Amino acid sequence: MQLEIIISILQLSDKYHVDYLRRRALAHLSSRYPTTLSAYDIDKFRFHASIDWHIAVIQIAREVDATWLLPSAFYLIAAAKDDDIQQVLNTSCYDKRSVRLSSDDQVRFFKSSLQISIAGNTVVESLHSSGAIAACPQPLGCYLVRMRALTAAQAYIQNADPLDLSNTVWPILSKDCCTACVTHFKTTLKAGRQDFWNTLPAICGLPPWEELERIRGRALGE
Ligand SMILES: [Zn+2]
């Protein structure tokens, strides 16, 4: 379903209290802006959505109190590169529809972008904070691989996309570390991503996922 149709349905169903249509439109958006990391990882829609699309979603989410959509939406615009930041701030329309981040959400965008960028460090923290891994037969060799992965991560952190960071470090670790270290870092990277996801709503100045899911449950009749 096209976003402009979803927005129209939401505005009309909200205004005239057509709950069935409202729920259907919100369910569609919810599948694109999930509340769980596993759902986020499965859905590849984010690779195709544009900045103005995300901003249109943030605006309609504000209009109809669909706050559970906001952490994912803010995360996706936080990953904006230098040129895109202008677009985040200057976007004024999507498909001839007037859309814009409110001044409060512009501040939220800057604050959350900074924190999301810093959070990349926590995802890979175990690479430098843990000592030699038990059962590692080549501690020095694996340590050097970890440092190489960290160097690659440092170059990537400026992208403010910590959830994708493991795609940068994992090929290095999995190729050149021993089996014991590969097993260890597979677990810690997964935990680091999950820890970050758990804090994402707070980073965006929103209630925790559990509360957002309760709001979604009431809105969707789950
Ligand atoms: Zn090792």
# chains A, B, ... in the order shown; residues from 1 in each chain; ligands from 1
call {"tool": "residues_near_ligand", "arguments": {"ligand": "ligand 1", "cutoff": "7 Å", "atoms": "only C-alpha atoms and all ligand atoms", "output": "ChimeraX atom specification"}}
result
/A:133,136-139,142,177-181
call {"tool": "residues_around", "arguments": {"residues": "Ile172 (chain A)", "least_positions_apart": "2", "cutoff": "10 Å", "atoms": "only C-alpha atoms", "output": "VMD selection string"}}
result
chain A and resid 145 to 146 148 to 150 152 166 to 170 174 to 177
call {"tool": "write_last_selection", "arguments": {"atoms": "all heavy atoms", "output": "CSV table (one decimal), in the first residue's frame"}}
result
chain,number,residue,atom,x,y,z
A,145,VAL,N,43.2,-9.5,15.5
A,145,VAL,CA,42.0,-9.5,14.6
A,145,VAL,C,41.0,-8.6,15.2
A,145,VAL,O,40.3,-7.8,14.5
A,145,VAL,CB,41.5,-11.0,14.4
A,145,VAL,CG1,40.2,-10.9,13.6
A,145,VAL,CG2,42.5,-11.9,13.8
A,146,ARG,N,40.8,-8.7,16.6
A,146,ARG,CA,39.9,-7.8,17.2
A,146,ARG,C,40.2,-6.3,17.0
A,146,ARG,O,39.3,-5.5,16.8
A,146,ARG,CB,39.8,-8.1,18.7
A,146,ARG,CG,39.1,-9.4,19.0
A,146,ARG,CD,39.6,-10.0,20.4
A,146,ARG,NE,39.3,-9.1,21.5
A,146,ARG,CZ,39.5,-9.5,22.8
A,146,ARG,NH1,40.0,-10.7,23.0
A,146,ARG,NH2,39.3,-8.6,23.8
A,148,ARG,N,41.7,-5.1,14.5
A,148,ARG,CA,41.5,-4.8,13.1
A,148,ARG,C,40.0,-4.6,12.9
A,148,ARG,O,39.5,-3.6,12.2
A,148,ARG,CB,41.9,-6.0,12.2
A,148,ARG,CG,42.0,-5.7,10.8
A,148,ARG,CD,43.1,-6.5,10.1
A,148,ARG,NE,43.2,-7.9,10.4
A,148,ARG,CZ,42.6,-8.9,9.9
A,148,ARG,NH1,41.7,-8.6,8.9
A,148,ARG,NH2,42.7,-10.1,10.2
A,149,ALA,N,39.2,-5.4,13.6
A,149,ALA,CA,37.7,-5.2,13.5
A,149,ALA,C,37.3,-3.9,14.1
A,149,ALA,O,36.4,-3.2,13.6
A,149,ALA,CB,37.0,-6.4,14.2
A,150,LEU,N,37.9,-3.6,15.3
A,150,LEU,CA,37.6,-2.3,15.9
A,150,LEU,C,38.0,-1.1,15.0
A,150,LEU,O,37.2,-0.1,15.0
A,150,LEU,CB,38.4,-2.2,17.2
A,150,LEU,CG,37.7,-2.5,18.5
A,150,LEU,CD1,38.7,-2.4,19.7
A,150,LEU,CD2,36.4,-1.7,18.7
A,152,ALA,N,38.0,-1.0,11.8
A,152,ALA,CA,36.9,-0.9,10.8
A,152,ALA,C,35.6,-0.3,11.4
A,152,ALA,O,34.9,0.4,10.7
A,152,ALA,CB,36.6,-2.3,10.2
A,166,SER,N,27.6,-4.7,13.1
A,166,SER,CA,28.1,-6.0,13.1
A,166,SER,C,28.4,-6.6,11.7
A,166,SER,O,29.2,-7.5,11.6
A,166,SER,CB,27.2,-6.9,13.9
A,166,SER,OG,25.9,-6.8,13.4
A,167,ASN,N,27.7,-6.0,10.7
A,167,ASN,CA,28.0,-6.4,9.4
A,167,ASN,C,29.4,-6.0,8.9
A,167,ASN,O,29.9,-6.5,7.9
A,167,ASN,CB,26.9,-5.9,8.4
A,167,ASN,CG,25.6,-6.5,8.6
A,167,ASN,OD1,25.5,-7.7,9.0
A,167,ASN,ND2,24.5,-5.8,8.3
A,168,THR,N,29.9,-5.0,9.6
A,168,THR,CA,31.3,-4.5,9.3
A,168,THR,C,32.3,-5.4,10.0
A,168,THR,O,33.3,-5.7,9.4
A,168,THR,CB,31.4,-3.0,9.7
A,168,THR,OG1,30.5,-2.3,8.9
A,168,THR,CG2,32.8,-2.5,9.4
A,169,VAL,N,32.1,-5.6,11.3
A,169,VAL,CA,33.1,-6.3,12.1
A,169,VAL,C,33.0,-7.8,12.0
A,169,VAL,O,34.0,-8.5,12.1
A,169,VAL,CB,33.1,-5.9,13.6
A,169,VAL,CG1,33.3,-4.4,13.7
A,169,VAL,CG2,31.8,-6.3,14.3
A,170,TRP,N,31.8,-8.3,11.8
A,170,TRP,CA,31.6,-9.8,11.8
A,170,TRP,C,32.4,-10.5,10.7
A,170,TRP,O,33.1,-11.6,11.0
A,170,TRP,CB,30.2,-10.2,11.7
A,170,TRP,CG,29.9,-11.6,11.8
A,170,TRP,CD1,29.4,-12.5,10.9
A,170,TRP,CD2,30.3,-12.5,12.9
A,170,TRP,NE1,29.4,-13.7,11.3
A,170,TRP,CE2,29.9,-13.8,12.6
A,170,TRP,CE3,30.9,-12.3,14.2
A,170,TRP,CZ2,30.2,-14.9,13.4
A,170,TRP,CZ3,31.2,-13.3,15.0
A,170,TRP,CH2,30.8,-14.6,14.6
A,174,SER,N,34.9,-13.4,12.0
A,174,SER,CA,34.5,-14.8,11.6
A,174,SER,C,35.5,-15.4,10.7
A,174,SER,O,35.7,-16.7,10.7
A,174,SER,CB,33.1,-14.9,11.0
A,174,SER,OG,33.1,-14.1,9.9
A,175,LYS,N,36.2,-14.6,10.0
A,175,LYS,CA,37.2,-15.1,9.0
A,175,LYS,C,38.5,-15.5,9.7
A,175,LYS,O,39.1,-16.6,9.4
A,175,LYS,CB,37.5,-14.1,7.9
A,175,LYS,CG,38.5,-14.5,6.8
A,175,LYS,CD,38.5,-13.5,5.7
A,175,LYS,CE,39.5,-13.9,4.6
A,175,LYS,NZ,40.9,-13.5,5.0
A,176,ASP,N,39.0,-14.7,10.6
A,176,ASP,CA,40.4,-14.8,11.1
A,176,ASP,C,40.5,-15.2,12.6
A,176,ASP,O,41.6,-15.4,13.0
A,176,ASP,CB,41.2,-13.5,10.8
A,176,ASP,CG,41.3,-13.3,9.3
A,176,ASP,OD1,41.5,-14.3,8.6
A,176,ASP,OD2,41.4,-12.2,8.9
A,177,CYS,N,39.4,-15.1,13.4
A,177,CYS,CA,39.6,-15.5,14.8
A,177,CYS,C,39.4,-17.1,14.9
A,177,CYS,O,38.9,-17.7,14.0
A,177,CYS,CB,38.5,-14.9,15.6
A,177,CYS,SG,38.9,-13.2,16.1
call {"tool": "closest_atom_pairs", "arguments": {"of": "region 85-115 of chain A", "to": "region 205-222 of chain A", "cutoff": "10 Å", "atoms": "only C-alpha atoms", "output": "JSON lines"}}
result
{"residue": "A:Arg108", "atom": "CA", "partner": "A:Gly205", "partner_atom": "CA", "distance": 7.5}
{"residue": "A:Lys111", "atom": "CA", "partner": "A:Gly205", "partner_atom": "CA", "distance": 9.2}
{"residue": "A:Ser112", "atom": "CA", "partner": "A:Gly205", "partner_atom": "CA", "distance": 8.2}
call {"tool": "closest_residue", "arguments": {"among": "A:Leu144, A:Leu29, A:Ile6, A:Cys93", "to": "Trp68 (chain A)", "atoms": "only C-alpha atoms"}}
result
A:Leu29
call {"tool": "atom_distance", "arguments": {"atom1": "CA of Asp52 (chain A)", "atom2": "CA of Thr91 (chain A)"}}
result
6.2 Å
call {"tool": "residues_around", "arguments": {"residues": "region 124-128 of chain A", "least_positions_apart": "4", "cutoff": "10 Å", "atoms": "only C-alpha atoms", "output": "MDAnalysis selection string"}}
result
chainID A and resid 119:120 143 145:147 149:150 153:154 162 165:166 169 173 184:185 188:193
call {"tool": "residues_around", "arguments": {"residues": "Val57 (chain A)", "least_positions_apart": "6", "cutoff": "10 Å", "atoms": "only C-alpha atoms", "output": "number ranges by chain"}}
result
A: 3-4, 6-7, 29, 33, 51, 63, 66, 69-70, 73, 99
call {"tool": "write_last_selection", "arguments": {"atoms": "C-alpha atoms", "output": "PDB file, in the first residue's frame"}}
result
ATOM      1  CA  LEU A   3       2.219   5.789   1.958  1.00  0.00           C
ATOM      2  CA  GLU A   4       0.053   8.614   0.652  1.00  0.00           C
ATOM      3  CA  ILE A   6      -2.121   5.071   4.211  1.00  0.00           C
ATOM      4  CA  ILE A   7      -1.877   8.673   5.409  1.00  0.00           C
ATOM      5  CA  LEU A  29       2.885   1.032   9.129  1.00  0.00           C
ATOM      6  CA  TYR A  33       8.453   0.438  11.882  1.00  0.00           C
ATOM      7  CA  ILE A  51      14.101  10.458   4.119  1.00  0.00           C
ATOM      8  CA  GLU A  63      -1.130  13.285  14.394  1.00  0.00           C
ATOM      9  CA  ALA A  66       0.990   6.167  16.944  1.00  0.00           C
ATOM     10  CA  LEU A  69       6.336   3.906  15.242  1.00  0.00           C
ATOM     11  CA  LEU A  70       8.660   6.718  16.284  1.00  0.00           C
ATOM     12  CA  ALA A  73      11.546   6.120  12.292  1.00  0.00           C
ATOM     13  CA  VAL A  99       5.209  17.243   5.656  1.00  0.00           C
TER      14      VAL A  99
END
call {"tool": "residues_around", "arguments": {"residues": "region 156-160 of chain A", "least_positions_apart": "6", "cutoff": "6 Å", "atoms": "only C-alpha atoms", "output": "list of chain:residue names"}}
result
A:Ala79, A:Ile116, A:Ser117, A:Gly120
call {"tool": "residues_around", "arguments": {"residues": "Arg23 (chain A)", "least_positions_apart": "2", "cutoff": "9 Å", "atoms": "only C-alpha atoms", "output": "PyMOL selection string"}}
result
chain A and resi 10+18-21+25-28+219-221
call {"tool": "write_last_selection", "arguments": {"atoms": "N, CA, C and O atoms", "output": "mmCIF file, in the first residue's frame"}}
result
data_model
loop_
_atom_site.group_PDB
_atom_site.id
_atom_site.type_symbol
_atom_site.label_atom_id
_atom_site.label_comp_id
_atom_site.auth_asym_id
_atom_site.auth_seq_id
_atom_site.Cartn_x
_atom_site.Cartn_y
_atom_site.Cartn_z
ATOM 1 N N LEU A 10 -5.612 7.084 7.324
ATOM 2 C CA LEU A 10 -5.467 7.370 8.757
ATOM 3 C C LEU A 10 -6.131 8.686 9.144
ATOM 4 O O LEU A 10 -6.822 8.769 10.166
ATOM 5 N N VAL A 18 -13.522 5.611 12.054
ATOM 6 C CA VAL A 18 -13.716 4.323 11.371
ATOM 7 C C VAL A 18 -12.590 3.397 11.838
ATOM 8 O O VAL A 18 -11.519 3.318 11.229
ATOM 9 N N ASP A 19 -12.854 2.708 12.954
ATOM 10 C CA ASP A 19 -11.777 1.974 13.630
ATOM 11 C C ASP A 19 -11.154 0.879 12.776
ATOM 12 O O ASP A 19 -9.941 0.649 12.839
ATOM 13 N N TYR A 20 -11.994 0.193 12.005
ATOM 14 C CA TYR A 20 -11.473 -0.917 11.214
ATOM 15 C C TYR A 20 -10.406 -0.425 10.233
ATOM 16 O O TYR A 20 -9.306 -0.991 10.129
ATOM 17 N N LEU A 21 -10.694 0.659 9.516
ATOM 18 C CA LEU A 21 -9.729 1.184 8.541
ATOM 19 C C LEU A 21 -8.498 1.744 9.242
ATOM 20 O O LEU A 21 -7.373 1.595 8.773
ATOM 21 N N ALA A 25 -4.640 0.450 8.546
ATOM 22 C CA ALA A 25 -3.566 1.350 8.092
ATOM 23 C C ALA A 25 -2.412 1.359 9.103
ATOM 24 O O ALA A 25 -1.236 1.335 8.726
ATOM 25 N N LEU A 26 -2.755 1.376 10.394
ATOM 26 C CA LEU A 26 -1.709 1.383 11.423
ATOM 27 C C LEU A 26 -0.925 0.068 11.427
ATOM 28 O O LEU A 26 0.284 0.054 11.650
ATOM 29 N N ALA A 27 -1.627 -1.045 11.182
ATOM 30 C CA ALA A 27 -0.945 -2.347 11.132
ATOM 31 C C ALA A 27 0.071 -2.355 10.000
ATOM 32 O O ALA A 27 1.179 -2.902 10.134
ATOM 33 N N HIS A 28 -0.302 -1.746 8.885
ATOM 34 C CA HIS A 28 0.619 -1.704 7.754
ATOM 35 C C HIS A 28 1.880 -0.917 8.109
ATOM 36 O O HIS A 28 3.003 -1.368 7.858
ATOM 37 N N ALA A 219 -4.356 0.381 20.183
ATOM 38 C CA ALA A 219 -4.717 1.012 18.896
ATOM 39 C C ALA A 219 -5.101 -0.016 17.849
ATOM 40 O O ALA A 219 -5.997 0.204 17.031
ATOM 41 N N LEU A 220 -4.421 -1.163 17.881
ATOM 42 C CA LEU A 220 -4.673 -2.186 16.842
ATOM 43 C C LEU A 220 -5.691 -3.232 17.302
ATOM 44 O O LEU A 220 -6.041 -4.129 16.546
ATOM 45 N N GLY A 221 -6.110 -3.149 18.541
ATOM 46 C CA GLY A 221 -7.049 -4.156 19.053
ATOM 47 C C GLY A 221 -6.398 -5.509 19.167
ATOM 48 O O GLY A 221 -7.045 -6.547 18.961
#
call {"tool": "residues_around", "arguments": {"residues": "region 38-40 of chain A", "least_positions_apart": "3", "cutoff": "12 Å", "atoms": "only C-alpha atoms", "output": "PyMOL selection string"}}
result
chain A and resi 30-35+43-47+69+71-73+75-76+163-164+190+193-194+197
call {"tool": "closest_residue", "arguments": {"among": "A:Leu12, A:Leu101, A:Ala80, A:Ile42", "to": "Val64 (chain A)", "atoms": "only C-alpha atoms"}}
result
A:Leu12
call {"tool": "select_by_dssp", "arguments": {"residues": "region 54-100 of chain A", "states": "alpha helix (DSSP H)", "output": "list in words"}}
result
His54, Ile55, Ala56, Val57, Ile58, Gln59, Ile60, Ala61, Arg62, Glu63, Leu70, Pro71, Ser72, Ala73, Phe74, Tyr75, Leu76, Ile77, Ala78, Asp82, Asp83, Asp84, Ile85, Gln86, Gln87, Val88, Leu89 and Asn90 of chain A
call {"tool": "atom_distance", "arguments": {"atom1": "CA of Arg62 (chain A)", "atom2": "CA of Asp105 (chain A)"}}
result
10.0 Å
call {"tool": "closest_residue", "arguments": {"among": "A:Ile77, A:Ala155, A:Val123, A:Asn198", "to": "Lys186 (chain A)", "atoms": "only C-alpha atoms"}}
result
A:Val123
call {"tool": "decode", "arguments": {"residues": "region 22-42 of chain A", "atoms": "N, CA and C atoms", "output": "mmCIF file, in the first residue's frame"}}
result
data_model
loop_
_atom_site.group_PDB
_atom_site.id
_atom_site.type_symbol
_atom_site.label_atom_id
_atom_site.label_comp_id
_atom_site.auth_asym_id
_atom_site.auth_seq_id
_atom_site.Cartn_x
_atom_site.Cartn_y
_atom_site.Cartn_z
ATOM 1 N N ARG A 22 -8.725 2.380 10.386
ATOM 2 C CA ARG A 22 -7.605 2.948 11.148
ATOM 3 C C ARG A 22 -6.639 1.842 11.580
ATOM 4 N N ARG A 23 -7.205 0.756 12.103
ATOM 5 C CA ARG A 23 -6.374 -0.363 12.557
ATOM 6 C C ARG A 23 -5.578 -0.962 11.399
ATOM 7 N N ARG A 24 -6.247 -1.080 10.255
ATOM 8 C CA ARG A 24 -5.596 -1.692 9.100
ATOM 9 C C ARG A 24 -4.417 -0.832 8.617
ATOM 10 N N ALA A 25 -4.640 0.450 8.546
ATOM 11 C CA ALA A 25 -3.566 1.350 8.092
ATOM 12 C C ALA A 25 -2.412 1.359 9.103
ATOM 13 N N LEU A 26 -2.755 1.376 10.394
ATOM 14 C CA LEU A 26 -1.709 1.383 11.423
ATOM 15 C C LEU A 26 -0.925 0.068 11.427
ATOM 16 N N ALA A 27 -1.627 -1.045 11.182
ATOM 17 C CA ALA A 27 -0.945 -2.347 11.132
ATOM 18 C C ALA A 27 0.071 -2.355 10.000
ATOM 19 N N HIS A 28 -0.302 -1.746 8.885
ATOM 20 C CA HIS A 28 0.619 -1.704 7.754
ATOM 21 C C HIS A 28 1.880 -0.917 8.109
ATOM 22 N N LEU A 29 1.720 0.239 8.727
ATOM 23 C CA LEU A 29 2.885 1.032 9.129
ATOM 24 C C LEU A 29 3.697 0.315 10.206
ATOM 25 N N SER A 30 3.002 -0.383 11.098
ATOM 26 C CA SER A 30 3.692 -1.073 12.200
ATOM 27 C C SER A 30 4.640 -2.148 11.677
ATOM 28 N N SER A 31 4.286 -2.761 10.557
ATOM 29 C CA SER A 31 5.165 -3.798 10.005
ATOM 30 C C SER A 31 6.441 -3.176 9.443
ATOM 31 N N ARG A 32 6.382 -1.903 9.086
ATOM 32 C CA ARG A 32 7.560 -1.203 8.552
ATOM 33 C C ARG A 32 8.384 -0.538 9.648
ATOM 34 N N TYR A 33 7.768 -0.241 10.769
ATOM 35 C CA TYR A 33 8.453 0.438 11.882
ATOM 36 C C TYR A 33 8.217 -0.383 13.146
ATOM 37 N N PRO A 34 8.937 -1.527 13.256
ATOM 38 C CA PRO A 34 8.644 -2.510 14.305
ATOM 39 C C PRO A 34 9.136 -2.098 15.691
ATOM 40 N N THR A 35 8.649 -2.834 16.684
ATOM 41 C CA THR A 35 9.060 -2.583 18.070
ATOM 42 C C THR A 35 10.056 -3.633 18.552
ATOM 43 N N THR A 36 10.337 -4.654 17.734
ATOM 44 C CA THR A 36 11.315 -5.670 18.148
ATOM 45 C C THR A 36 12.472 -5.703 17.152
ATOM 46 N N LEU A 37 13.638 -6.072 17.674
ATOM 47 C CA LEU A 37 14.828 -6.131 16.821
ATOM 48 C C LEU A 37 14.697 -7.252 15.793
ATOM 49 N N SER A 38 14.096 -8.363 16.186
ATOM 50 C CA SER A 38 13.960 -9.479 15.236
ATOM 51 C C SER A 38 13.098 -9.065 14.050
ATOM 52 N N ALA A 39 12.042 -8.307 14.299
ATOM 53 C CA ALA A 39 11.193 -7.838 13.199
ATOM 54 C C ALA A 39 11.942 -6.811 12.351
ATOM 55 N N TYR A 40 12.716 -5.977 13.020
ATOM 56 C CA TYR A 40 13.510 -4.972 12.286
ATOM 57 C C TYR A 40 14.496 -5.655 11.345
ATOM 58 N N ASP A 41 15.123 -6.736 11.838
ATOM 59 C CA ASP A 41 16.129 -7.430 11.022
ATOM 60 C C ASP A 41 15.503 -8.139 9.819
ATOM 61 N N ILE A 42 14.286 -8.609 9.986
ATOM 62 C CA ILE A 42 13.639 -9.359 8.898
ATOM 63 C C ILE A 42 13.194 -8.425 7.781
#
